[in-house]
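Participant: Contents of entry.pdb (PDB, C-alpha atoms) are below:
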MODEL        1
ATOM      1  CA  MET L 392     160.968 177.272 130.211  1.00  0.00           C
ATOM      2  CA  GLY L 393     164.231 176.197 128.724  1.00  0.00           C
ATOM      3  CA  ILE L 394     167.825 175.789 129.612  1.00  0.00           C
ATOM      4  CA  HIS L 395     169.742 178.907 128.683  1.00  0.00           C
ATOM      5  CA  GLU L 396     173.515 179.063 128.728  1.00  0.00           C
ATOM      6  CA  HIS L 397     173.526 181.668 131.511  1.00  0.00           C
ATOM      7  CA  GLU L 398     171.476 179.299 133.672  1.00  0.00           C
ATOM      8  CA  LEU L 399     174.064 176.533 133.390  1.00  0.00           C
ATOM      9  CA  GLY L 400     176.545 178.113 135.765  1.00  0.00           C
ATOM     10  CA  HIS L 401     180.035 179.521 135.323  1.00  0.00           C
ATOM     11  CA  ALA L 402     181.875 179.273 131.998  1.00  0.00           C
ATOM     12  CA  GLY L 403     183.676 175.939 132.481  1.00  0.00           C
ATOM     13  CA  HIS L 404     180.641 174.124 133.848  1.00  0.00           C
ATOM     14  CA  GLN L 405     178.363 175.922 131.407  1.00  0.00           C
ATOM     15  CA  HIS L 406     179.908 174.466 128.259  1.00  0.00           C
ATOM     16  CA  GLY L 407     180.298 170.987 129.744  1.00  0.00           C
ATOM     17  CA  SER L 408     176.646 170.834 130.791  1.00  0.00           C
ATOM     18  CA  LEU L 409     175.456 172.296 127.507  1.00  0.00           C
ATOM     19  CA  ASN L 410     177.619 169.845 125.555  1.00  0.00           C
ATOM     20  CA  ARG L 411     176.301 166.908 127.609  1.00  0.00           C
ATOM     21  CA  LEU L 412     172.699 167.960 127.028  1.00  0.00           C
ATOM     22  CA  ALA L 413     173.361 168.458 123.323  1.00  0.00           C
ATOM     23  CA  ALA L 414     175.054 165.056 123.051  1.00  0.00           C
ATOM     24  CA  SER L 415     172.124 163.431 124.852  1.00  0.00           C
ATOM     25  CA  ALA L 416     169.587 165.170 122.600  1.00  0.00           C
ATOM     26  CA  THR L 417     171.580 164.213 119.504  1.00  0.00           C
ATOM     27  CA  ALA L 418     171.833 160.585 120.635  1.00  0.00           C
ATOM     28  CA  HIS L 419     168.065 160.597 121.207  1.00  0.00           C
ATOM     29  CA  CYS L 420     167.526 161.997 117.712  1.00  0.00           C
ATOM     30  CA  LEU L 421     169.976 159.490 116.239  1.00  0.00           C
ATOM     31  CA  THR L 422     168.076 156.605 117.817  1.00  0.00           C
ATOM     32  CA  GLY L 423     164.796 157.523 116.143  1.00  0.00           C
ATOM     33  CA  CYS L 424     166.507 158.364 112.869  1.00  0.00           C
ATOM     34  CA  ALA L 425     168.506 155.136 112.875  1.00  0.00           C
ATOM     35  CA  ILE L 426     165.433 152.981 113.501  1.00  0.00           C
ATOM     36  CA  GLY L 427     163.564 154.709 110.679  1.00  0.00           C
ATOM     37  CA  GLU L 428     166.534 154.703 108.319  1.00  0.00           C
ATOM     38  CA  ILE L 429     167.344 151.049 108.886  1.00  0.00           C
ATOM     39  CA  LEU L 430     163.722 149.977 108.443  1.00  0.00           C
ATOM     40  CA  GLY L 431     163.152 152.214 105.431  1.00  0.00           C
ATOM     41  CA  LEU L 432     166.340 151.246 103.637  1.00  0.00           C
ATOM     42  CA  ALA L 433     165.886 147.579 104.495  1.00  0.00           C
ATOM     43  CA  ILE L 434     162.271 147.535 103.273  1.00  0.00           C
ATOM     44  CA  GLY L 435     163.068 149.479 100.099  1.00  0.00           C
ATOM     45  CA  THR L 436     166.102 147.315  99.363  1.00  0.00           C
ATOM     46  CA  ALA L 437     164.283 144.051 100.063  1.00  0.00           C
ATOM     47  CA  LEU L 438     161.389 145.085  97.797  1.00  0.00           C
ATOM     48  CA  GLY L 439     163.731 146.249  95.046  1.00  0.00           C
ATOM     49  CA  TRP L 440     162.438 149.820  95.131  1.00  0.00           C
ATOM     50  CA  GLY L 441     164.300 152.643  93.420  1.00  0.00           C
ATOM     51  CA  ASN L 442     166.441 155.149  95.282  1.00  0.00           C
ATOM     52  CA  LEU L 443     163.772 157.852  95.538  1.00  0.00           C
ATOM     53  CA  ALA L 444     161.038 155.610  96.959  1.00  0.00           C
ATOM     54  CA  THR L 445     163.484 153.974  99.377  1.00  0.00           C
ATOM     55  CA  VAL L 446     164.849 157.298 100.634  1.00  0.00           C
ATOM     56  CA  VAL L 447     161.353 158.776 101.021  1.00  0.00           C
ATOM     57  CA  LEU L 448     160.258 155.759 103.072  1.00  0.00           C
ATOM     58  CA  ALA L 449     163.408 155.961 105.213  1.00  0.00           C
ATOM     59  CA  VAL L 450     162.912 159.687 105.870  1.00  0.00           C
ATOM     60  CA  VAL L 451     159.213 159.302 106.724  1.00  0.00           C
ATOM     61  CA  LEU L 452     159.988 156.446 109.123  1.00  0.00           C
ATOM     62  CA  ALA L 453     162.888 158.383 110.681  1.00  0.00           C
ATOM     63  CA  PHE L 454     160.565 161.296 111.475  1.00  0.00           C
ATOM     64  CA  LEU L 455     157.857 158.961 112.803  1.00  0.00           C
ATOM     65  CA  PHE L 456     160.243 157.106 115.090  1.00  0.00           C
ATOM     66  CA  GLY L 457     162.003 160.316 116.136  1.00  0.00           C
ATOM     67  CA  TYR L 458     158.736 161.991 117.086  1.00  0.00           C
ATOM     68  CA  GLY L 459     157.506 158.753 118.651  1.00  0.00           C
ATOM     69  CA  LEU L 460     160.502 158.413 120.958  1.00  0.00           C
ATOM     70  CA  THR L 461     159.931 161.957 122.179  1.00  0.00           C
ATOM     71  CA  SER L 462     156.171 161.534 122.488  1.00  0.00           C
ATOM     72  CA  LEU L 463     155.847 158.256 124.385  1.00  0.00           C
ATOM     73  CA  PRO L 464     157.250 159.419 127.754  1.00  0.00           C
ATOM     74  CA  LEU L 465     155.231 162.631 127.555  1.00  0.00           C
ATOM     75  CA  LEU L 466     152.023 160.730 126.815  1.00  0.00           C
ATOM     76  CA  ARG L 467     152.787 158.315 129.670  1.00  0.00           C
ATOM     77  CA  ALA L 468     153.209 161.347 131.928  1.00  0.00           C
ATOM     78  CA  GLY L 469     149.620 162.271 131.133  1.00  0.00           C
ATOM     79  CA  LEU L 470     150.110 165.210 128.793  1.00  0.00           C
ATOM     80  CA  PRO L 471     147.372 165.612 126.180  1.00  0.00           C
ATOM     81  CA  PHE L 472     148.184 164.406 122.654  1.00  0.00           C
ATOM     82  CA  ARG L 473     147.886 167.908 121.178  1.00  0.00           C
ATOM     83  CA  THR L 474     150.481 169.244 123.625  1.00  0.00           C
ATOM     84  CA  VAL L 475     152.762 166.252 123.046  1.00  0.00           C
ATOM     85  CA  ALA L 476     152.524 166.587 119.261  1.00  0.00           C
ATOM     86  CA  GLY L 477     153.481 170.256 119.477  1.00  0.00           C
ATOM     87  CA  LEU L 478     156.389 169.542 121.811  1.00  0.00           C
ATOM     88  CA  ALA L 479     157.713 166.696 119.643  1.00  0.00           C
ATOM     89  CA  PHE L 480     157.456 168.821 116.526  1.00  0.00           C
ATOM     90  CA  ALA L 481     159.174 171.784 118.173  1.00  0.00           C
ATOM     91  CA  SER L 482     161.929 169.774 119.820  1.00  0.00           C
ATOM     92  CA  ASP L 483     162.845 167.337 117.030  1.00  0.00           C
ATOM     93  CA  THR L 484     162.088 168.743 113.588  1.00  0.00           C
ATOM     94  CA  PHE L 485     165.240 170.784 112.954  1.00  0.00           C
ATOM     95  CA  SER L 486     167.572 168.127 114.346  1.00  0.00           C
ATOM     96  CA  ILE L 487     165.918 165.252 112.454  1.00  0.00           C
ATOM     97  CA  THR L 488     165.907 167.307 109.253  1.00  0.00           C
ATOM     98  CA  VAL L 489     169.647 167.972 109.475  1.00  0.00           C
ATOM     99  CA  MET L 490     170.340 164.358 110.358  1.00  0.00           C
ATOM    100  CA  GLU L 491     168.232 163.037 107.473  1.00  0.00           C
ATOM    101  CA  ILE L 492     169.742 165.368 104.875  1.00  0.00           C
ATOM    102  CA  VAL L 493     173.288 164.429 105.879  1.00  0.00           C
ATOM    103  CA  ASP L 494     172.588 160.721 106.323  1.00  0.00           C
ATOM    104  CA  ASN L 495     170.792 160.236 103.024  1.00  0.00           C
ATOM    105  CA  ALA L 496     173.184 162.431 101.056  1.00  0.00           C
ATOM    106  CA  ILE L 497     176.103 160.299 102.236  1.00  0.00           C
ATOM    107  CA  ILE L 498     174.363 157.029 101.424  1.00  0.00           C
ATOM    108  CA  LEU L 499     173.460 158.335  97.967  1.00  0.00           C
ATOM    109  CA  VAL L 500     177.044 159.363  97.154  1.00  0.00           C
ATOM    110  CA  ILE L 501     178.787 156.196  98.373  1.00  0.00           C
ATOM    111  CA  PRO L 502     179.257 154.137  95.208  1.00  0.00           C
ATOM    112  CA  GLY L 503     177.079 151.032  95.289  1.00  0.00           C
ATOM    113  CA  ALA L 504     175.521 151.701  98.718  1.00  0.00           C
ATOM    114  CA  MET L 505     171.950 152.000  97.440  1.00  0.00           C
ATOM    115  CA  ALA L 506     172.353 148.917  95.251  1.00  0.00           C
ATOM    116  CA  ALA L 507     173.885 146.808  98.022  1.00  0.00           C
ATOM    117  CA  GLY L 508     171.757 144.026  99.434  1.00  0.00           C
ATOM    118  CA  LEU L 509     170.864 143.489 103.062  1.00  0.00           C
ATOM    119  CA  GLY L 510     173.542 140.809 103.333  1.00  0.00           C
ATOM    120  CA  ASP L 511     176.290 143.088 102.022  1.00  0.00           C
ATOM    121  CA  ALA L 512     178.798 144.749 104.325  1.00  0.00           C
ATOM    122  CA  LEU L 513     178.640 147.821 102.073  1.00  0.00           C
ATOM    123  CA  PHE L 514     174.957 148.314 102.939  1.00  0.00           C
ATOM    124  CA  TRP L 515     175.520 148.200 106.696  1.00  0.00           C
ATOM    125  CA  GLY L 516     178.911 149.926 106.658  1.00  0.00           C
ATOM    126  CA  SER L 517     177.684 152.867 104.588  1.00  0.00           C
ATOM    127  CA  LEU L 518     174.600 153.188 106.796  1.00  0.00           C
ATOM    128  CA  ALA L 519     176.683 153.160 109.989  1.00  0.00           C
ATOM    129  CA  PHE L 520     179.123 155.702 108.539  1.00  0.00           C
ATOM    130  CA  ALA L 521     176.301 157.963 107.340  1.00  0.00           C
ATOM    131  CA  LEU L 522     174.569 157.881 110.734  1.00  0.00           C
ATOM    132  CA  ALA L 523     177.835 158.685 112.529  1.00  0.00           C
ATOM    133  CA  VAL L 524     178.447 161.701 110.304  1.00  0.00           C
ATOM    134  CA  ALA L 525     174.810 162.760 110.749  1.00  0.00           C
ATOM    135  CA  PHE L 526     175.332 162.698 114.537  1.00  0.00           C
ATOM    136  CA  VAL L 527     178.328 165.031 114.159  1.00  0.00           C
ATOM    137  CA  ALA L 528     176.293 167.352 111.914  1.00  0.00           C
ATOM    138  CA  ALA L 529     173.271 167.442 114.246  1.00  0.00           C
ATOM    139  CA  PHE L 530     175.230 167.998 117.477  1.00  0.00           C
ATOM    140  CA  PRO L 531     175.857 171.750 116.911  1.00  0.00           C
ATOM    141  CA  VAL L 532     172.223 172.154 115.851  1.00  0.00           C
ATOM    142  CA  ASN L 533     171.016 170.637 119.132  1.00  0.00           C
ATOM    143  CA  ARG L 534     173.582 172.603 121.121  1.00  0.00           C
ATOM    144  CA  TRP L 535     172.440 175.844 119.512  1.00  0.00           C
ATOM    145  CA  LEU L 536     168.750 175.038 120.110  1.00  0.00           C
ATOM    146  CA  ILE L 537     169.256 174.031 123.760  1.00  0.00           C
ATOM    147  CA  ALA L 538     171.349 177.133 124.466  1.00  0.00           C
ATOM    148  CA  ARG L 539     168.364 179.196 123.340  1.00  0.00           C
ATOM    149  CA  GLY L 540     165.792 177.252 125.350  1.00  0.00           C
ATOM    150  CA  ARG L 541     164.521 175.398 122.293  1.00  0.00           C
ATOM    151  CA  GLY L 542     164.814 171.878 120.935  1.00  0.00           C
ATOM    152  CA  HIS L 543     165.088 169.229 123.609  1.00  0.00           C
ATOM    153  CA  ALA L 544     165.301 171.916 126.291  1.00  0.00           C
ATOM    154  CA  VAL L 545     161.556 172.359 125.772  1.00  0.00           C
ATOM    155  CA  VAL L 546     160.898 168.655 126.386  1.00  0.00           C
ATOM    156  CA  HIS L 547     163.219 168.541 129.425  1.00  0.00           C
ATOM    157  CA  ALA L 548     161.009 171.127 131.095  1.00  0.00           C
ATOM    158  CA  TYR L 549     158.305 168.418 131.267  1.00  0.00           C
ATOM    159  CA  HIS L 550     160.468 165.658 132.770  1.00  0.00           C
TER
ENDMDL
END
Step by step, read the file and then write its structure as structure tokens.

Facilitator:
Amino acid sequence: MGIHEHELGHAGHQHGSLNRLAASATAHCLTGCAIGEILGLAIGTALGWGNLATVVLAVVLAFLFGYGLTSLPLLRAGLPFRTVAGLAFASDTFSITVMEIVDNAIILVIPGAMAAGLGDALFWGSLAFALAVAFVAAFPVNRWLIARGRGHAVVHAYH
């Protein structure tokens, strides 16, 4: 029950539709990741935590918010929690993982980004840059998954 490339129509329309779906899925993933990243990095920075603890918190929150954003509409539609949990895991895990690896790697390599305070432009600028690059990295992942009837194509079957 997914969206396969051959189901999207002729070649010109096929790639445009697939790209739109992949961009939408990636934006959805970015939203959850960004909420988690911002909260995690802000909390870790405000509490003076080290890099490892701050990054772990940010990653955990990114997965929670990513899965949550996928799960809420499905739960509201009346699907059982077990089904929703499986769908969220199947549709989001690979994309969130790629996004988190890229995002956190960039923040860790930007000089001073992890030491910057919440009031520093470097903190927010490096976070925005890292999330933008993570979007670019996750887009082909989502496109590949959707083309094979996986990822967010699985969730779209329930909308």

Participant: Identify all residues satisfying the PyMOL selection byres ((chain L and resi 414-428) around 9) in the given file; provide them as JSON, numbers by chain.

Facilitator: {"L": [409, 410, 411, 412, 413, 429, 430, 431, 432, 433, 446, 448, 449, 450, 451, 452, 453, 454, 455, 456, 457, 458, 459, 460, 461, 483, 486, 487, 490, 491, 494, 495, 518, 519, 522, 523, 525, 526, 527, 529, 530, 532, 533, 534, 537, 542, 543, 544]}

Participant: Give me a file of those residues, with C-alpha atoms, as a tab-separated table (two decimals), keeping the file's coordinate frame.

Facilitator:
chain	number	residue	atom	x	y	z
L	409	LEU	CA	175.46	172.30	127.51
L	410	ASN	CA	177.62	169.84	125.56
L	411	ARG	CA	176.30	166.91	127.61
L	412	LEU	CA	172.70	167.96	127.03
L	413	ALA	CA	173.36	168.46	123.32
L	429	ILE	CA	167.34	151.05	108.89
L	430	LEU	CA	163.72	149.98	108.44
L	431	GLY	CA	163.15	152.21	105.43
L	432	LEU	CA	166.34	151.25	103.64
L	433	ALA	CA	165.89	147.58	104.50
L	446	VAL	CA	164.85	157.30	100.63
L	448	LEU	CA	160.26	155.76	103.07
L	449	ALA	CA	163.41	155.96	105.21
L	450	VAL	CA	162.91	159.69	105.87
L	451	VAL	CA	159.21	159.30	106.72
L	452	LEU	CA	159.99	156.45	109.12
L	453	ALA	CA	162.89	158.38	110.68
L	454	PHE	CA	160.56	161.30	111.48
L	455	LEU	CA	157.86	158.96	112.80
L	456	PHE	CA	160.24	157.11	115.09
L	457	GLY	CA	162.00	160.32	116.14
L	458	TYR	CA	158.74	161.99	117.09
L	459	GLY	CA	157.51	158.75	118.65
L	460	LEU	CA	160.50	158.41	120.96
L	461	THR	CA	159.93	161.96	122.18
L	483	ASP	CA	162.84	167.34	117.03
L	486	SER	CA	167.57	168.13	114.35
L	487	ILE	CA	165.92	165.25	112.45
L	490	MET	CA	170.34	164.36	110.36
L	491	GLU	CA	168.23	163.04	107.47
L	494	ASP	CA	172.59	160.72	106.32
L	495	ASN	CA	170.79	160.24	103.02
L	518	LEU	CA	174.60	153.19	106.80
L	519	ALA	CA	176.68	153.16	109.99
L	522	LEU	CA	174.57	157.88	110.73
L	523	ALA	CA	177.84	158.68	112.53
L	525	ALA	CA	174.81	162.76	110.75
L	526	PHE	CA	175.33	162.70	114.54
L	527	VAL	CA	178.33	165.03	114.16
L	529	ALA	CA	173.27	167.44	114.25
L	530	PHE	CA	175.23	168.00	117.48
L	532	VAL	CA	172.22	172.15	115.85
L	533	ASN	CA	171.02	170.64	119.13
L	534	ARG	CA	173.58	172.60	121.12
L	537	ILE	CA	169.26	174.03	123.76
L	542	GLY	CA	164.81	171.88	120.94
L	543	HIS	CA	165.09	169.23	123.61
L	544	ALA	CA	165.30	171.92	126.29

Participant: Might you pull out every residue within 12 Å of L:Pro464, with all atoms listed in the file counted and same-chain residues fewer than 2 positions away left off, and present them as a list in words?

Facilitator: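 Contacts, in chain order: Tyr458, Gly459, Leu460, Thr461, Ser462, Leu466, Arg467, Ala468, Gly469, Leu470, Pro471, Phe472, Val475, Leu478, Ala479, Val546, His547, Tyr549 and His550 of chain L.
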
Participant: With a distance cut-off of 12 Å and all atoms listed in the file, select the neighbouring residues of L:Ala506, excluding the residue or stretch itself and same-chain residues fewer than 6 positions from it, and output the selection as a PyMOL selection string.

Facilitator: chain L and resi 432-433+435-442+445+498-500+512-515+517

Participant: Atom CA of L:Arg541 and atom CA of L:Phe485, how far apart in Å?

Facilitator: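 These atoms are spaced 10.4 Å apart.
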
Participant: To one decimal place in Å, what is the distance between atom CA of L:Ala496 and atom CA of L:Arg539?

Facilitator: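 Computing it gives 28.3 Å between the two atoms.
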